[in-house]
$ cat target-v8.cif   # mmCIF, C-alpha atoms
data_input
#
loop_
_atom_site.label_atom_id
_atom_site.label_comp_id
_atom_site.auth_asym_id
_atom_site.auth_seq_id
_atom_site.Cartn_x
_atom_site.Cartn_y
_atom_site.Cartn_z
CA MET A 215 136.21 193.77 -85.99
CA THR A 216 137.24 191.83 -82.87
CA LEU A 217 140.94 190.98 -82.73
CA PRO A 218 141.92 187.32 -83.13
CA LEU A 219 142.95 185.52 -79.96
CA TYR A 220 145.75 182.98 -79.63
CA LEU A 221 146.47 180.81 -76.60
CA THR A 222 149.74 180.06 -74.84
CA ASP A 223 150.40 177.66 -71.98
CA PRO A 224 149.03 178.54 -68.51
CA GLY A 225 151.58 180.72 -66.72
CA ALA A 226 153.41 181.73 -69.90
CA LEU A 227 152.27 185.34 -69.50
CA ALA A 228 153.00 185.62 -65.77
CA THR A 229 156.01 187.92 -66.29
CA ALA A 230 154.57 189.90 -69.21
CA VAL A 231 154.75 193.70 -68.90
CA VAL A 232 153.97 196.50 -71.32
CA GLY A 233 156.80 196.62 -73.83
CA SER A 234 157.90 193.02 -73.35
CA ARG A 235 157.62 190.31 -75.96
CA VAL A 236 155.57 187.13 -75.77
CA ASP A 237 155.81 184.15 -78.07
CA VAL A 238 153.03 181.97 -79.40
CA THR A 239 154.43 178.66 -80.67
CA GLY A 240 153.40 175.26 -81.99
CA PRO A 241 150.00 174.69 -83.63
CA GLU A 242 148.75 178.12 -82.52
CA ALA A 243 151.54 179.92 -84.39
CA ARG A 244 151.05 177.74 -87.43
CA HIS A 245 147.30 178.43 -87.41
CA ALA A 246 147.89 182.17 -86.97
CA VAL A 247 150.28 182.48 -89.90
CA THR A 248 149.09 179.86 -92.39
CA VAL A 249 145.33 179.96 -91.77
CA ARG A 250 144.55 183.40 -90.34
CA ARG A 251 147.30 185.05 -92.41
CA THR A 252 148.46 187.02 -89.39
CA ALA A 253 151.34 189.29 -90.43
CA VAL A 254 153.87 191.68 -88.91
CA GLY A 255 152.12 194.79 -87.61
CA ASP A 256 148.75 193.13 -87.01
CA GLN A 257 147.03 193.66 -83.67
CA VAL A 258 146.21 190.44 -81.80
CA LEU A 259 145.15 189.12 -78.42
CA VAL A 260 147.19 186.52 -76.56
CA ALA A 261 145.84 184.67 -73.49
CA ASP A 262 147.29 181.99 -71.26
CA GLY A 263 143.93 180.32 -70.60
CA ALA A 264 144.30 181.11 -66.90
CA GLY A 265 143.13 184.71 -66.78
CA VAL A 266 145.91 186.80 -68.35
CA LEU A 267 145.10 188.57 -71.61
CA VAL A 268 147.52 190.79 -73.51
CA THR A 269 146.94 193.00 -76.51
CA GLY A 270 149.82 193.80 -78.82
CA ALA A 271 151.31 194.12 -82.26
CA VAL A 272 152.96 191.26 -84.12
CA LEU A 273 156.73 191.78 -84.34
CA ASP A 274 157.60 188.54 -86.11
CA ALA A 275 155.38 185.95 -87.80
CA SER A 276 156.48 182.47 -88.80
CA PRO A 277 154.72 179.08 -88.69
CA GLN A 278 156.98 178.22 -85.75
CA THR A 279 156.71 181.38 -83.63
CA LEU A 280 154.44 184.40 -83.47
CA THR A 281 156.14 187.17 -81.47
CA VAL A 282 153.96 189.91 -80.03
CA VAL A 283 155.00 193.18 -78.36
CA VAL A 284 152.74 193.73 -75.34
CA GLU A 285 150.78 197.00 -75.39
CA SER A 286 148.24 196.30 -72.63
CA ILE A 287 147.50 193.60 -70.06
CA ASP A 288 144.16 192.57 -68.57
CA LEU A 289 143.80 190.21 -65.63
CA MET A 290 140.60 188.24 -65.12
CA PRO A 291 140.11 187.11 -61.51
CA GLU A 292 138.93 183.66 -60.58
CA PRO A 293 135.18 183.45 -61.24
CA SER A 294 132.83 183.44 -58.29
CA PRO A 295 130.69 181.45 -58.23
CA ARG A 296 132.24 178.82 -60.46
CA PHE A 297 129.90 177.21 -63.00
CA VAL A 298 130.36 173.50 -63.75
CA LEU A 299 128.42 171.79 -66.53
CA VAL A 300 127.91 168.04 -66.15
CA GLN A 301 127.06 166.89 -69.67
CA ALA A 302 125.82 163.38 -70.28
CA LEU A 303 127.43 161.68 -73.26
CA ALA A 304 125.14 161.90 -76.28
CA LYS A 305 125.06 160.70 -79.86
CA ASN A 306 125.28 162.73 -83.08
CA ASP A 307 127.76 165.18 -81.55
CA ARG A 308 125.06 166.83 -79.45
CA ASP A 309 127.38 166.82 -76.44
CA ASP A 310 130.01 168.62 -78.54
CA GLN A 311 127.44 171.27 -79.44
CA ALA A 312 126.51 171.64 -75.79
CA ILE A 313 130.03 172.22 -74.48
CA GLU A 314 130.85 174.59 -77.34
CA ALA A 315 127.89 176.84 -76.54
CA ALA A 316 128.52 176.48 -72.80
CA THR A 317 132.06 177.79 -73.28
CA GLU A 318 130.73 180.81 -75.11
CA LEU A 319 128.37 181.39 -72.17
CA GLY A 320 131.14 181.33 -69.57
CA VAL A 321 131.21 177.81 -68.13
CA ASP A 322 134.29 177.19 -65.95
CA GLU A 323 134.48 173.39 -66.08
CA VAL A 324 132.90 170.63 -68.11
CA ILE A 325 132.48 167.09 -66.77
CA PRO A 326 131.56 164.20 -69.10
CA TRP A 327 128.90 161.99 -67.52
CA GLN A 328 128.46 158.33 -68.47
CA ALA A 329 124.78 158.21 -67.56
CA ASP A 330 122.81 154.98 -67.47
CA ARG A 331 120.94 155.86 -70.66
CA SER A 332 123.90 157.30 -72.55
CA ILE A 333 124.13 155.40 -75.81
CA VAL A 334 127.67 156.63 -76.38
CA GLN A 335 130.32 154.83 -74.32
CA TRP A 336 133.79 156.23 -73.60
CA ARG A 337 135.96 153.13 -73.40
CA GLY A 338 139.57 152.43 -74.32
CA GLU A 339 141.07 154.26 -77.27
CA ARG A 340 137.65 155.39 -78.45
CA GLY A 341 137.12 157.11 -75.13
CA GLU A 342 140.53 158.79 -75.29
CA LYS A 343 139.80 159.99 -78.81
CA ALA A 344 136.42 161.40 -77.71
CA ARG A 345 138.03 163.17 -74.77
CA ARG A 346 140.64 164.75 -77.05
CA LYS A 347 137.83 165.94 -79.30
CA TRP A 348 136.03 167.57 -76.36
CA ASP A 349 139.27 169.29 -75.39
CA GLN A 350 139.66 170.68 -78.91
CA VAL A 351 136.05 171.89 -78.89
CA LEU A 352 136.67 173.76 -75.63
CA LEU A 353 139.89 175.24 -77.01
CA ALA A 354 138.28 176.45 -80.23
CA ALA A 355 135.28 177.91 -78.40
CA THR A 356 137.57 179.70 -75.95
CA LYS A 357 139.30 181.46 -78.82
CA GLN A 358 136.09 182.17 -80.70
CA SER A 359 134.53 183.82 -77.64
CA ARG A 360 137.77 185.70 -76.80
CA ARG A 361 138.02 184.25 -73.30
CA SER A 362 141.18 184.66 -71.29
CA ARG A 363 140.24 181.63 -69.18
CA ARG A 364 139.49 178.33 -70.87
CA PRO A 365 137.17 175.84 -69.20
CA LEU A 366 138.71 172.85 -67.48
CA LEU A 367 137.82 169.41 -68.79
CA GLY A 368 137.15 167.07 -65.88
CA GLU A 369 137.49 163.32 -65.88
CA ALA A 370 134.55 161.30 -67.15
CA VAL A 371 132.35 160.11 -64.28
CA ILE A 372 129.64 157.58 -63.62
CA THR A 373 126.70 158.49 -61.41
CA THR A 374 128.23 157.41 -58.10
CA GLN A 375 131.32 159.50 -58.81
CA LEU A 376 129.19 162.46 -59.81
CA ALA A 377 127.24 162.21 -56.57
CA GLY A 378 130.49 162.43 -54.65
CA ARG A 379 131.56 165.50 -56.58
CA ILE A 380 128.36 167.47 -56.07
CA SER A 381 128.10 166.64 -52.37
CA GLY A 382 130.41 169.55 -51.53
CA ALA A 383 128.97 172.03 -54.05
CA ALA A 384 127.38 175.34 -53.17
CA ALA A 385 124.47 174.32 -55.42
CA ALA A 386 123.69 171.55 -57.91
CA TYR A 387 120.78 171.84 -60.31
CA LEU A 388 119.52 168.70 -62.02
CA LEU A 389 117.56 169.62 -65.14
CA LEU A 390 114.39 167.55 -65.36
CA GLU A 391 111.46 168.18 -67.67
CA HIS A 392 108.92 167.19 -65.01
CA ALA A 393 110.45 169.18 -62.15
CA SER A 394 108.06 171.63 -60.54
CA GLU A 395 110.59 174.30 -59.55
CA PRO A 396 111.86 176.66 -62.28
CA LEU A 397 115.56 177.50 -62.42
CA ALA A 398 114.76 181.13 -63.18
CA GLY A 399 114.11 183.08 -60.02
CA LEU A 400 116.14 180.91 -57.66
CA THR A 401 118.48 182.62 -55.23
CA LEU A 402 121.95 181.52 -56.28
CA PRO A 403 125.02 181.29 -54.10
CA SER A 404 127.56 184.07 -54.56
CA ALA A 405 130.57 181.77 -54.16
CA GLY A 406 131.58 178.15 -54.50
CA GLU A 407 130.77 175.67 -57.25
CA VAL A 408 127.39 175.71 -58.97
CA PHE A 409 126.66 172.52 -60.95
CA VAL A 410 124.27 172.22 -63.87
CA ILE A 411 123.53 168.54 -64.59
CA VAL A 412 122.19 167.57 -68.02
CA GLY A 413 121.06 164.01 -68.74
CA PRO A 414 121.14 162.10 -72.04
CA GLU A 415 118.46 162.13 -74.73
CA GLY A 416 116.76 159.15 -73.07
CA GLY A 417 116.45 161.02 -69.79
CA VAL A 418 117.77 160.48 -66.28
CA THR A 419 116.68 157.23 -64.63
CA PRO A 420 114.69 157.28 -61.36
CA ALA A 421 117.63 155.62 -59.62
CA GLU A 422 119.98 158.35 -60.84
CA VAL A 423 117.58 161.05 -59.73
CA GLU A 424 117.39 159.52 -56.27
CA ARG A 425 121.16 159.12 -56.00
CA LEU A 426 121.95 162.65 -57.13
CA CYS A 427 119.23 164.27 -55.04
CA SER A 428 120.47 162.37 -51.99
CA ALA A 429 123.86 163.97 -52.64
CA GLY A 430 122.32 167.45 -52.72
CA ALA A 431 121.09 167.99 -56.28
CA ARG A 432 117.97 170.10 -56.72
CA PRO A 433 115.55 169.14 -59.54
CA VAL A 434 114.66 172.16 -61.67
CA ARG A 435 113.08 172.88 -65.03
CA LEU A 436 113.87 175.52 -67.63
CA GLY A 437 110.40 176.06 -69.07
CA SER A 438 107.37 174.41 -70.58
CA THR A 439 109.20 172.89 -73.56
CA VAL A 440 111.57 169.93 -73.67
CA LEU A 441 115.10 170.83 -74.75
CA ARG A 442 117.65 168.56 -76.37
CA SER A 443 120.75 167.67 -74.41
CA SER A 444 122.69 169.97 -76.75
CA SER A 445 120.72 173.07 -75.72
CA ALA A 446 119.64 172.42 -72.11
CA GLY A 447 123.00 173.17 -70.51
CA PRO A 448 123.67 176.39 -72.43
CA ALA A 449 120.10 177.56 -71.73
CA ALA A 450 120.60 176.97 -68.01
CA LEU A 451 123.91 178.83 -68.05
CA ALA A 452 122.23 181.78 -69.73
CA VAL A 453 119.68 181.85 -66.90
CA LEU A 454 122.43 181.68 -64.28
CA ASN A 455 124.44 184.45 -65.94
CA ALA A 456 121.39 186.70 -65.88
CA ALA A 457 120.69 186.01 -62.21
CA GLY A 458 123.36 188.19 -60.68
CA PRO A 459 126.11 190.77 -61.27
CA TRP A 460 128.82 188.93 -59.35
CA ARG A 461 130.77 187.32 -62.17
#
$ encode --input "target-v8.cif" --output "structure tokens"
Amino acid sequence: MTLPLYLTDPGALATAVVGSRVDVTGPEARHAVTVRRTAVGDQVLVADGAGVLVTGAVLDASPQTLTVVVESIDLMPEPSPRFVLVQALAKNDRDDQAIEAATELGVDEVIPWQADRSIVQWRGERGEKARRKWDQVLLAATKQSRRSRRPLLGEAVITTQLAGRISGAAAAYLLLEHASEPLAGLTLPSAGEVFVIVGPEGGVTPAEVERLCSAGARPVRLGSTVLRSSSAGPAALAVLNAAGPWR
């Protein structure tokens, strides 16, 4: 059975060495002890979300602090290339499903996109609440998939802002059902940022397509079927992960 993973703050494991002790505190410690029933002597994984992963035995377990004696340390280098999922806001939690699966498939950053046809609107307190929910989805998926690096959550963007962001990318793939070029088989860059752009259920408008393509996006398709916004991004990431051995 895979060991449970708990997250600390970025940089908290920078000085960890074999034999030293690391502490997991706050909600993570409370979850470990009261929900997972983690006890003294159990083997666990602890990651800082920034590439450091330690394996060790629990020395002390309380809802306030989980103390682990470090037995081994693994360092995950910065990914290259870096995969960025641009996920249009969608109803019925389909965007939540998309970013959860994308995290499991190794996405490095997620950017919420307020597309023209997005029914959901992130405004005011509702928008802040939705953003917090996305952050919790990414956190939970990071732990479930035993990742030592958690995806970043970018600021929500409108189309003009997105165009500015992708203009400096190594590659940007705009998923369109009517595109003639398949994503599978493309030669991908070995470094830099690679964007996967997923529109809302109502589709990407012609004006958005023009704006994003002018900024460097490349229209591509995944196959002969039409995927929901919840599955298109993860499917594209699976294709990208299979395209090369460099990550």
$ closest_residue --input "target-v8.cif" --among "A:Leu299, A:Ala449, A:Leu353, A:Val283" --to "Glu242 of chain A" --atoms "only C-alpha atoms"
A:Leu353
$ resolve_selection --input "target-v8.cif" --expression "the PyMOL selection byres ((chain A and resi 385) around 9)" --output "list of chain:residue names"
A:Ile380, A:Gly382, A:Ala383, A:Ala384, A:Ala386, A:Tyr387, A:Leu402, A:Pro403, A:Gly406, A:Glu407, A:Val408, A:Phe409, A:Val410, A:Gly430, A:Ala431, A:Arg432
$ residues_around --input "target-v8.cif" --residues "Thr216 of chain A" --least-positions-apart "4" --cutoff "12 Å" --atoms "all atoms listed in the file" --output "list in words"
Gln257, Val258, Leu259, Thr269, Lys357, Gln358, Ser359 and Arg360 of chain A
$ resolve_selection --input "target-v8.cif" --expression "the PyMOL selection byres ((chain A and resi 367) around 12)" --output "MDAnalysis selection string"
chainID A and resid 298:301 313 317 321:327 345:353 364:366 368:371
$ atom_distance --input "target-v8.cif" --atom1 "atom CA of Ser286 of chain A" --atom2 "atom CA of Leu267 of chain A"
8.4 Å
